[in-house]
$ cat protein.txt   # compact mmCIF, C-alpha atoms
# COMPACT_ATOMS: atom_id res chain seq x y z
CA MET A 568 17.63 -60.25 44.55
CA ILE A 569 19.19 -59.64 41.12
CA ASN A 570 19.66 -62.91 39.23
CA ILE A 571 22.60 -63.06 36.83
CA LEU A 572 23.45 -65.86 34.43
CA GLY A 573 27.21 -66.33 34.10
CA LEU A 574 28.17 -67.95 30.80
CA ALA A 575 31.70 -69.36 30.98
CA LEU A 576 33.36 -71.17 28.11
CA TYR A 577 35.26 -73.62 30.35
CA GLY A 578 34.77 -75.25 33.74
CA PRO A 579 36.46 -74.37 37.07
CA LEU A 580 39.70 -76.06 36.00
CA ALA A 581 40.25 -73.02 33.76
CA ALA A 582 41.65 -70.01 35.61
CA SER A 583 39.36 -67.72 33.63
CA HIS A 584 36.26 -69.42 35.10
CA ARG A 585 37.52 -69.15 38.67
CA VAL A 586 39.06 -65.71 38.44
CA ARG A 587 36.62 -63.78 36.29
CA LEU A 588 33.36 -65.30 37.60
CA GLY A 589 33.49 -68.03 40.23
CA GLN A 590 35.37 -66.22 42.99
CA TYR A 591 32.88 -63.34 42.99
CA CYS A 592 29.74 -65.41 43.60
CA ASN A 593 29.78 -65.34 47.42
CA GLY A 594 30.67 -61.67 47.67
CA LEU A 595 28.01 -60.64 45.16
CA MET A 596 25.35 -62.33 47.29
CA HIS A 597 26.04 -59.71 49.96
CA GLU A 598 25.35 -57.09 47.30
CA GLY A 599 21.97 -58.62 46.51
CA ILE A 600 23.24 -60.31 43.34
CA ASN A 601 22.85 -64.03 42.70
CA LEU A 602 25.44 -65.01 40.06
CA GLN A 603 24.94 -68.55 38.75
CA VAL A 604 27.81 -69.70 36.53
CA ASN A 605 27.19 -72.16 33.69
CA SER A 606 30.13 -73.76 31.85
CA LEU A 607 29.84 -74.88 28.25
CA LEU A 608 32.88 -77.18 28.22
CA GLY A 609 33.50 -78.87 31.55
CA ASP A 610 36.72 -79.92 33.24
CA SER A 611 36.76 -83.30 31.48
CA TYR A 612 37.10 -81.47 28.14
CA LEU A 613 40.08 -79.45 29.38
CA LYS A 614 41.76 -82.50 30.90
CA SER A 615 41.49 -84.34 27.59
CA ARG A 616 42.88 -81.37 25.67
CA PHE A 617 45.78 -80.89 28.10
CA ASP A 618 46.61 -84.62 28.40
CA THR A 619 46.17 -85.81 24.82
CA GLY A 620 45.50 -82.74 22.70
CA GLN A 621 42.20 -84.34 21.64
CA TYR A 622 38.58 -84.48 22.77
CA LYS A 623 35.48 -86.51 22.04
CA ALA A 624 32.90 -84.87 19.79
CA MET A 625 29.73 -86.29 21.34
CA PRO A 626 30.16 -84.70 24.80
CA VAL A 627 30.78 -81.35 23.11
CA ILE A 628 27.60 -81.69 21.04
CA ALA A 629 25.67 -82.62 24.19
CA ALA A 630 27.09 -79.55 25.95
CA VAL A 631 25.97 -77.28 23.11
CA ILE A 632 22.45 -78.70 23.27
CA GLN A 633 22.35 -78.24 27.02
CA ARG A 634 23.40 -74.59 26.73
CA LEU A 635 20.79 -73.95 24.03
CA ARG A 636 18.15 -75.31 26.39
CA LEU A 637 19.44 -73.04 29.13
CA LEU A 638 19.15 -70.02 26.85
CA LEU A 639 15.53 -70.89 26.12
CA LYS A 640 14.84 -70.54 29.86
CA SER A 641 17.04 -67.49 30.39
CA ARG A 642 14.14 -65.06 30.90
CA ARG A 643 14.20 -65.92 34.62
CA TYR A 644 17.49 -63.99 34.84
CA ASP A 645 17.77 -60.21 34.91
CA ALA A 646 20.99 -60.11 32.87
CA ALA A 647 23.97 -62.22 31.85
CA ILE A 648 27.74 -62.04 32.00
CA LEU A 649 29.28 -63.59 28.90
CA HIS A 650 32.93 -64.53 29.30
CA CYS A 651 35.01 -65.27 26.20
CA GLU A 652 32.39 -66.67 23.82
CA MET A 653 29.07 -68.43 24.13
CA PHE A 654 29.74 -71.05 21.45
CA PRO A 655 33.01 -71.70 19.58
CA LEU A 656 32.75 -71.32 15.80
CA MET A 657 29.41 -69.50 16.02
CA PRO A 658 29.09 -66.07 14.34
CA GLY A 659 28.74 -63.12 16.68
CA TRP A 660 25.41 -61.98 15.29
CA LEU A 661 23.90 -65.39 16.02
CA GLU A 662 25.21 -65.40 19.59
CA CYS A 663 23.60 -62.00 20.12
CA GLU A 664 20.30 -63.28 18.72
CA LEU A 665 20.31 -66.32 20.99
CA LEU A 666 21.04 -64.32 24.13
CA LYS A 667 17.78 -62.53 24.81
CA LEU A 668 19.09 -60.80 27.94
CA PRO A 669 21.04 -57.61 28.40
CA TYR A 670 24.58 -58.83 28.93
CA ILE A 671 27.98 -57.76 30.18
CA TYR A 672 30.79 -58.97 27.97
CA ASP A 673 33.84 -59.91 30.03
CA PHE A 674 37.26 -60.78 28.62
CA ASP A 675 40.77 -61.24 29.99
CA ASP A 676 42.61 -62.24 26.81
CA ALA A 677 42.78 -60.89 23.28
CA PHE A 678 39.92 -63.15 22.19
CA TYR A 679 39.28 -60.87 19.23
CA MET A 680 42.40 -62.46 17.70
CA ARG A 681 41.01 -66.00 18.04
CA TYR A 682 39.85 -66.33 14.45
CA LYS A 683 42.34 -63.92 12.92
CA ASN A 684 45.57 -65.88 13.30
CA GLY A 685 46.84 -69.31 14.26
CA SER A 686 45.10 -72.58 13.48
CA LEU A 687 41.65 -70.97 13.18
CA SER A 688 42.68 -68.15 10.84
CA ILE A 689 41.17 -70.05 7.91
CA LEU A 690 37.82 -68.99 9.39
CA SER A 691 38.76 -65.31 9.43
CA PRO A 692 36.49 -64.34 6.48
CA PHE A 693 33.50 -65.67 8.43
CA LEU A 694 34.44 -65.18 12.09
CA GLY A 695 37.28 -62.64 12.09
CA ASN A 696 35.06 -59.85 13.44
CA LYS A 697 32.92 -62.05 15.68
CA PHE A 698 33.97 -60.43 18.95
CA ASP A 699 33.57 -56.91 17.65
CA ARG A 700 29.87 -57.63 17.15
CA VAL A 701 29.53 -59.27 20.58
CA ILE A 702 31.31 -56.33 22.25
CA LYS A 703 29.24 -53.78 20.34
CA ASP A 704 25.89 -55.31 21.36
CA ALA A 705 26.83 -55.68 25.04
CA ALA A 706 25.08 -53.48 27.60
CA ALA A 707 28.49 -53.04 29.22
CA VAL A 708 32.00 -54.49 28.97
CA THR A 709 34.46 -55.49 31.70
CA ALA A 710 38.04 -55.81 30.52
CA GLY A 711 40.93 -57.44 32.38
CA ASN A 712 43.59 -54.85 31.51
CA ALA A 713 44.08 -51.44 29.94
CA HIS A 714 45.03 -52.83 26.51
CA LEU A 715 41.77 -54.78 26.28
CA ALA A 716 39.77 -51.86 27.67
CA ASN A 717 41.19 -49.55 25.00
CA TYR A 718 40.24 -52.04 22.29
CA ALA A 719 36.69 -52.42 23.60
CA SER A 720 36.26 -48.65 24.04
CA SER A 721 36.59 -48.17 20.29
CA ILE A 722 33.47 -50.33 19.86
CA ASN A 723 31.37 -49.89 23.02
CA GLY A 724 30.82 -46.74 25.08
CA ASP A 725 30.44 -48.48 28.45
CA VAL A 726 33.73 -50.19 29.30
CA THR A 727 35.05 -50.80 32.83
CA LEU A 728 38.54 -51.94 33.76
CA LEU A 729 38.22 -55.02 35.99
CA PRO A 730 41.68 -56.50 36.64
CA SER A 731 42.05 -60.23 37.15
CA ALA A 732 42.25 -60.37 40.93
CA VAL A 733 42.99 -62.80 43.76
CA ASP A 734 41.58 -63.41 47.21
CA THR A 735 44.40 -61.92 49.27
CA ASN A 736 43.19 -63.76 52.37
CA HIS A 737 44.04 -66.99 50.54
CA PHE A 738 47.01 -65.85 48.47
CA ARG A 739 49.32 -64.58 51.20
CA PRO A 740 52.92 -65.03 52.37
CA ARG A 741 53.48 -68.26 54.31
CA LYS A 742 57.18 -68.86 53.86
CA VAL A 743 58.91 -69.80 57.12
CA SER A 744 62.50 -70.58 56.08
CA GLU A 745 65.05 -69.79 53.38
CA ASN A 746 65.55 -72.20 50.49
CA ALA A 747 68.84 -74.08 50.48
CA VAL A 748 68.91 -73.64 46.68
CA PHE A 749 67.84 -70.43 44.95
CA THR A 750 64.40 -71.19 43.47
CA VAL A 751 62.84 -69.55 40.43
CA GLY A 752 59.15 -70.32 39.90
CA TRP A 753 56.55 -70.22 37.15
CA ILE A 754 52.90 -71.24 37.36
CA GLY A 755 50.76 -71.64 34.26
CA SER A 756 49.16 -74.16 31.92
CA PRO A 757 49.94 -76.11 28.73
CA SER A 758 48.59 -73.17 26.72
CA THR A 759 51.33 -70.84 28.00
CA GLU A 760 54.25 -73.24 28.56
CA ARG A 761 55.73 -72.33 25.14
CA TYR A 762 56.76 -68.94 26.57
CA LEU A 763 59.26 -70.71 28.83
CA GLU A 764 61.61 -71.03 25.86
CA ASN A 765 62.46 -67.37 26.48
CA LEU A 766 64.11 -68.37 29.78
CA VAL A 767 66.42 -71.11 28.48
CA VAL A 768 69.42 -68.92 27.65
CA PRO A 769 69.39 -66.62 30.72
CA LEU A 770 68.66 -69.45 33.19
CA ALA A 771 71.31 -71.73 31.68
CA ARG A 772 73.83 -68.89 31.94
CA PHE A 773 72.79 -68.16 35.52
CA GLY A 774 73.14 -71.86 36.34
CA GLU A 775 76.79 -71.70 35.33
CA LYS A 776 77.41 -69.28 38.19
CA THR A 777 75.48 -70.92 41.03
CA SER A 778 73.04 -73.69 41.92
CA VAL A 779 69.50 -72.85 40.79
CA ARG A 780 66.24 -74.71 40.84
CA PHE A 781 63.31 -73.96 38.50
CA PHE A 782 59.77 -74.93 39.51
CA VAL A 783 57.42 -75.28 36.51
CA VAL A 784 53.88 -75.68 37.85
CA GLY A 785 51.13 -76.73 35.46
CA GLY A 786 53.13 -77.18 32.27
CA LYS A 787 56.08 -78.89 30.62
CA ALA A 788 59.50 -77.30 30.89
CA PRO A 789 62.07 -76.96 28.11
CA ILE A 790 65.49 -78.51 28.60
CA ILE A 791 67.66 -75.98 30.46
CA PRO A 792 71.35 -76.83 30.93
CA ASN A 793 72.89 -76.27 34.38
CA VAL A 794 69.46 -75.94 36.04
CA GLU A 795 67.54 -78.37 38.25
CA VAL A 796 64.07 -78.32 36.68
CA LEU A 797 61.06 -79.70 38.56
CA GLU A 798 57.76 -80.12 36.70
CA ILE A 799 54.91 -80.07 39.21
CA GLN A 800 51.25 -80.78 38.56
CA TRP A 801 48.99 -77.84 39.34
CA THR A 802 46.17 -78.21 41.84
CA GLU A 803 44.09 -75.49 43.40
CA ASP A 804 44.82 -76.88 46.86
CA THR A 805 48.61 -76.65 46.53
CA GLU A 806 49.26 -73.58 44.36
CA VAL A 807 49.68 -71.12 47.25
CA GLU A 808 52.09 -73.44 49.06
CA LEU A 809 54.11 -73.88 45.87
CA ILE A 810 54.32 -70.15 45.17
CA ASN A 811 55.56 -69.61 48.71
CA ASN A 812 58.50 -71.87 47.85
CA PHE A 813 59.63 -69.44 45.11
CA ASP A 814 62.43 -66.98 45.80
CA ILE A 815 61.32 -65.11 42.69
CA GLY A 816 58.45 -65.57 40.24
CA VAL A 817 58.84 -65.15 36.49
CA MET A 818 56.51 -64.38 33.58
CA PRO A 819 58.12 -64.43 30.13
CA LEU A 820 56.04 -63.18 27.19
CA PRO A 821 56.65 -62.32 23.54
CA ASP A 822 55.68 -58.82 22.48
CA ASP A 823 52.71 -59.62 20.24
CA GLU A 824 49.02 -58.75 20.18
CA TRP A 825 47.88 -61.88 22.02
CA ALA A 826 50.48 -61.44 24.78
CA ARG A 827 49.61 -57.77 25.19
CA GLY A 828 46.09 -58.92 26.02
CA LYS A 829 47.33 -61.08 28.92
CA CYS A 830 46.30 -59.89 32.39
CA ALA A 831 49.55 -60.64 34.27
CA PHE A 832 47.64 -63.02 36.53
CA LYS A 833 50.72 -65.13 37.26
CA LEU A 834 52.42 -62.03 38.62
CA VAL A 835 49.38 -61.13 40.69
CA GLN A 836 49.51 -64.57 42.31
CA TYR A 837 53.25 -64.36 43.04
CA MET A 838 53.07 -60.82 44.37
CA ALA A 839 50.08 -61.55 46.63
CA CYS A 840 52.30 -64.17 48.30
CA GLY A 841 55.07 -61.61 48.81
CA VAL A 842 57.27 -62.98 46.04
CA PRO A 843 59.26 -60.43 43.96
CA VAL A 844 59.02 -60.86 40.20
CA VAL A 845 61.01 -60.65 37.00
CA ALA A 846 58.82 -60.34 33.91
CA SER A 847 58.77 -59.34 30.27
CA ARG A 848 58.04 -55.68 29.65
CA VAL A 849 54.81 -56.44 27.81
CA GLY A 850 51.14 -55.49 28.21
CA ALA A 851 49.60 -55.64 31.67
CA ASN A 852 52.96 -56.54 33.21
CA ILE A 853 53.92 -52.89 32.73
CA ASP A 854 50.79 -51.66 34.52
CA LEU A 855 51.21 -54.04 37.46
CA VAL A 856 54.94 -54.14 38.18
CA THR A 857 56.59 -51.03 39.58
CA PRO A 858 60.37 -50.72 40.11
CA GLU A 859 59.74 -51.10 43.85
CA CYS A 860 58.18 -54.57 43.59
CA GLY A 861 59.79 -56.23 40.58
CA ILE A 862 61.98 -56.02 37.50
CA LEU A 863 60.76 -55.71 33.91
CA VAL A 864 63.06 -56.95 31.15
CA ASP A 865 63.36 -56.94 27.36
CA SER A 866 66.29 -59.22 26.50
CA ASP A 867 68.28 -62.29 27.55
CA GLU A 868 70.87 -60.01 29.11
CA GLU A 869 68.25 -58.19 31.17
CA TRP A 870 66.67 -61.48 32.25
CA PHE A 871 70.07 -62.68 33.45
CA ASN A 872 70.88 -59.44 35.26
CA GLY A 873 67.44 -59.23 36.85
CA ILE A 874 67.59 -62.77 38.22
CA ARG A 875 71.19 -62.30 39.36
CA SER A 876 70.49 -59.05 41.20
CA LEU A 877 67.65 -60.60 43.19
CA PHE A 878 69.77 -63.67 43.92
CA GLU A 879 72.62 -61.56 45.26
CA GLN A 880 70.47 -59.24 47.38
CA SER A 881 68.23 -61.09 49.81
CA MET A 882 67.19 -57.86 51.52
CA LEU A 883 66.09 -56.46 48.16
CA ARG A 884 63.98 -59.59 47.58
CA GLN A 885 62.37 -59.18 50.97
CA ARG A 886 61.66 -55.47 50.48
CA MET A 887 60.26 -55.99 46.98
CA GLY A 888 58.10 -58.87 48.17
CA THR A 889 56.53 -56.75 50.90
CA ILE A 890 55.76 -53.93 48.47
CA ALA A 891 54.48 -56.41 45.87
CA ARG A 892 52.02 -57.84 48.37
CA GLN A 893 50.66 -54.39 49.20
CA ARG A 894 50.39 -53.51 45.50
CA VAL A 895 48.04 -56.46 44.97
CA VAL A 896 46.03 -55.77 48.14
CA ASP A 897 45.49 -52.16 47.03
CA ALA A 898 44.47 -52.75 43.40
CA TYR A 899 44.30 -56.41 42.38
CA SER A 900 42.35 -58.02 45.21
CA VAL A 901 38.83 -59.43 45.07
CA GLU A 902 37.92 -57.13 47.95
CA LYS A 903 38.82 -54.03 45.90
CA ASN A 904 37.27 -55.20 42.64
CA LEU A 905 34.03 -56.76 43.90
CA PRO A 906 32.30 -53.35 44.26
CA VAL A 907 33.38 -52.48 40.72
CA LEU A 908 31.73 -55.59 39.27
CA ALA A 909 28.65 -55.15 41.47
CA ASP A 910 28.25 -51.56 40.25
CA VAL A 911 28.38 -52.62 36.60
CA ILE A 912 25.78 -55.34 37.20
CA LYS A 913 23.43 -52.99 39.04
CA ARG A 914 23.78 -50.34 36.36
CA VAL A 915 22.92 -52.81 33.59
CA THR A 916 19.94 -54.26 35.42
CA ARG A 917 18.61 -50.80 36.32
CA ALA A 918 18.76 -49.86 32.66
CA LYS A 919 16.74 -52.98 31.84
$ encode --input "protein.txt" --output "structure tokens"
Amino acid sequence: MINILGLALYGPLAASHRVRLGQYCNGLMHEGINLQVNSLLGDSYLKSRFDTGQYKAMPVIAAVIQRLRLLLKSRRYDAAILHCEMFPLMPGWLECELLKLPYIYDFDDAFYMRYKNGSLSILSPFLGNKFDRVIKDAAAVTAGNAHLANYASSINGDVTLLPSAVDTNHFRPRKVSENAVFTVGWIGSPSTERYLENLVVPLARFGEKTSVRFFVVGGKAPIIPNVEVLEIQWTEDTEVELINNFDIGVMPLPDDEWARGKCAFKLVQYMACGVPVVASRVGANIDLVTPECGILVDSDEEWFNGIRSLFEQSMLRQRMGTIARQRVVDAYSVEKNLPVLADVIKRVTRAK
């Protein structure tokens, strides 16, 4: 049995923990790989950040100490998978020194921008190149989309594209009746809810023409005139049922470096449930969405026209949804990507 230490930044409440590590554990066991995932910051930390924007310092300090103790005992593992970063605010060279195992660096966002812009950019002189060092020293890299893979390939010679995938036996079409009101849906988190501002103008205009309902799952919605907006709390138990209530799923994004690093996971979830999509023509959205299963847009006018065309053509929605489902089954399912991850792990441990 190959023993792998998974080092996640956040607990299972974070999609990155579940999608990039947690959902592969059972399948990897059948490949002779025992992946044990350790979270630095648990779900209580994320709940505090999402609910109040604050967190208590002492539990974070305790979590850091606990992870340091784990690293001291890490020799019982054959290798590690490091997702995102091992410790916030720690230089890359120090992380590499502390991790005495060959490791796979896994990322599904443009984490290399973390200390280069935004609220943490003041640390750029000290931490701006942190992730370049961590990527360089990795035995292998798994990247969530082509944009991230291209970035990593300029630093590390062993990079594998591993899309953020779903269990298509769980995420599947279950809709049994038509909605009385045309329903647009979005599923996300407080960290991505700001992108919904891009939908205010086209949805408000669309709402002038017909009744429309907008489900916002996992975040706060902006005020949208002429639209019935429902904010719904996200839970893992209800997300598939909620997606199956969408007539279309949407994913607005700005065209910037951070957004280009996104892995289009919202779209993967919608499409696995047979829901056609309208999405910004940015990053991984372009790789995932073909003209047969969704509509990519660049402007308010295109958002409006895309939503309107799917509203007016129920047969088109049905046909696109069927093709979207197959697109995910073929390339973005856990079943298809599990052997890819297993191969990377085996290659790294054989090299050791």
$ residues_around --input "protein.txt" --residues "Leu763 of chain A" --least-positions-apart "3" --cutoff "12 Å" --atoms "all atoms listed in the file" --output "count of residues only"
32
$ residues_around --input "protein.txt" --residues "segment 701-704 of chain A" --least-positions-apart "5" --cutoff "6 Å" --atoms "only C-alpha atoms" --output "tab-separated table (two decimals) with C-alpha atoms, in the frame of the given file"
chain	number	residue	atom	x	y	z
A	659	GLY	CA	28.74	-63.12	16.68
A	722	ILE	CA	33.47	-50.33	19.86
A	723	ASN	CA	31.37	-49.89	23.02
$ closest_residue --input "protein.txt" --among "A:Glu745, A:Leu729, A:Ala909, A:Glu664" --to "Leu635 of chain A" --atoms "all atoms listed in the file"
A:Glu664
$ residues_around --input "protein.txt" --residues "segment 678-689 of chain A" --least-positions-apart "4" --cutoff "10 Å" --atoms "only C-alpha atoms" --output "PyMOL selection string"
chain A and resi 651-652+655-656+674+693-699+701-702+715+718-719+824-825+828
$ residues_around --input "protein.txt" --residues "segment 850-867 of chain A" --least-positions-apart "5" --cutoff "6 Å" --atoms "only C-alpha atoms" --output "PyMOL selection string"
chain A and resi 769+827+830-831+843-845+887+890-891
$ residues_around --input "protein.txt" --residues "Arg636 of chain A" --least-positions-apart "5" --cutoff "12 Å" --atoms "only C-alpha atoms" --output "ChimeraX atom specification"
/A:607,629-631,641-642,665-666
$ closest_residue --input "protein.txt" --among "A:Ile632, A:Ala826, A:Ile569, A:Val915" --to "Asn712 of chain A" --atoms "all atoms listed in the file"
A:Ala826
$ closest_residue --input "protein.txt" --among "A:Asn717, A:Met625, A:Ala710, A:Phe738" --to "Glu803 of chain A" --atoms "all atoms listed in the file"
A:Phe738
$ closest_residue --input "protein.txt" --among "A:Gly609, A:Gly589, A:Gly573, A:Pro579" --to "His650 of chain A" --atoms "only C-alpha atoms"
A:Gly573
$ atom_distance --input "protein.txt" --atom1 "atom CA of Tyr670 of chain A" --atom2 "atom CA of Ala707 of chain A"
7.0 Å
$ build_atoms --input "protein.txt" --residues "segment 569-581 of chain A" --atoms "N, CA and C atoms" --output "CSV table (one decimal), in the frame of the given file"
chain,number,residue,atom,x,y,z
A,569,ILE,N,18.9,-59.7,42.6
A,569,ILE,CA,19.2,-59.6,41.1
A,569,ILE,C,19.8,-61.0,40.7
A,570,ASN,N,19.2,-61.6,39.7
A,570,ASN,CA,19.7,-62.9,39.2
A,570,ASN,C,20.4,-62.8,37.9
A,571,ILE,N,21.7,-63.2,38.0
A,571,ILE,CA,22.6,-63.1,36.8
A,571,ILE,C,23.1,-64.4,36.4
A,572,LEU,N,23.0,-64.6,35.1
A,572,LEU,CA,23.4,-65.9,34.4
A,572,LEU,C,24.9,-65.6,34.0
A,573,GLY,N,25.8,-66.4,34.5
A,573,GLY,CA,27.2,-66.3,34.1
A,573,GLY,C,27.5,-67.4,33.1
A,574,LEU,N,27.9,-67.0,31.9
A,574,LEU,CA,28.2,-68.0,30.8
A,574,LEU,C,29.7,-68.1,30.6
A,575,ALA,N,30.3,-69.1,31.1
A,575,ALA,CA,31.7,-69.4,31.0
A,575,ALA,C,31.9,-70.4,29.9
A,576,LEU,N,33.0,-70.2,29.2
A,576,LEU,CA,33.4,-71.2,28.1
A,576,LEU,C,33.8,-72.5,28.7
A,577,TYR,N,34.7,-72.4,29.7
A,577,TYR,CA,35.3,-73.6,30.4
A,577,TYR,C,34.8,-73.8,31.8
A,578,GLY,N,35.1,-75.0,32.4
A,578,GLY,CA,34.8,-75.2,33.7
A,578,GLY,C,35.8,-74.7,34.7
A,579,PRO,N,35.6,-75.0,36.0
A,579,PRO,CA,36.5,-74.4,37.1
A,579,PRO,C,37.9,-74.7,37.0
A,580,LEU,N,38.3,-75.7,36.2
A,580,LEU,CA,39.7,-76.1,36.0
A,580,LEU,C,40.4,-74.9,35.3
A,581,ALA,N,39.7,-74.2,34.5
A,581,ALA,CA,40.2,-73.0,33.8
A,581,ALA,C,40.3,-71.8,34.7
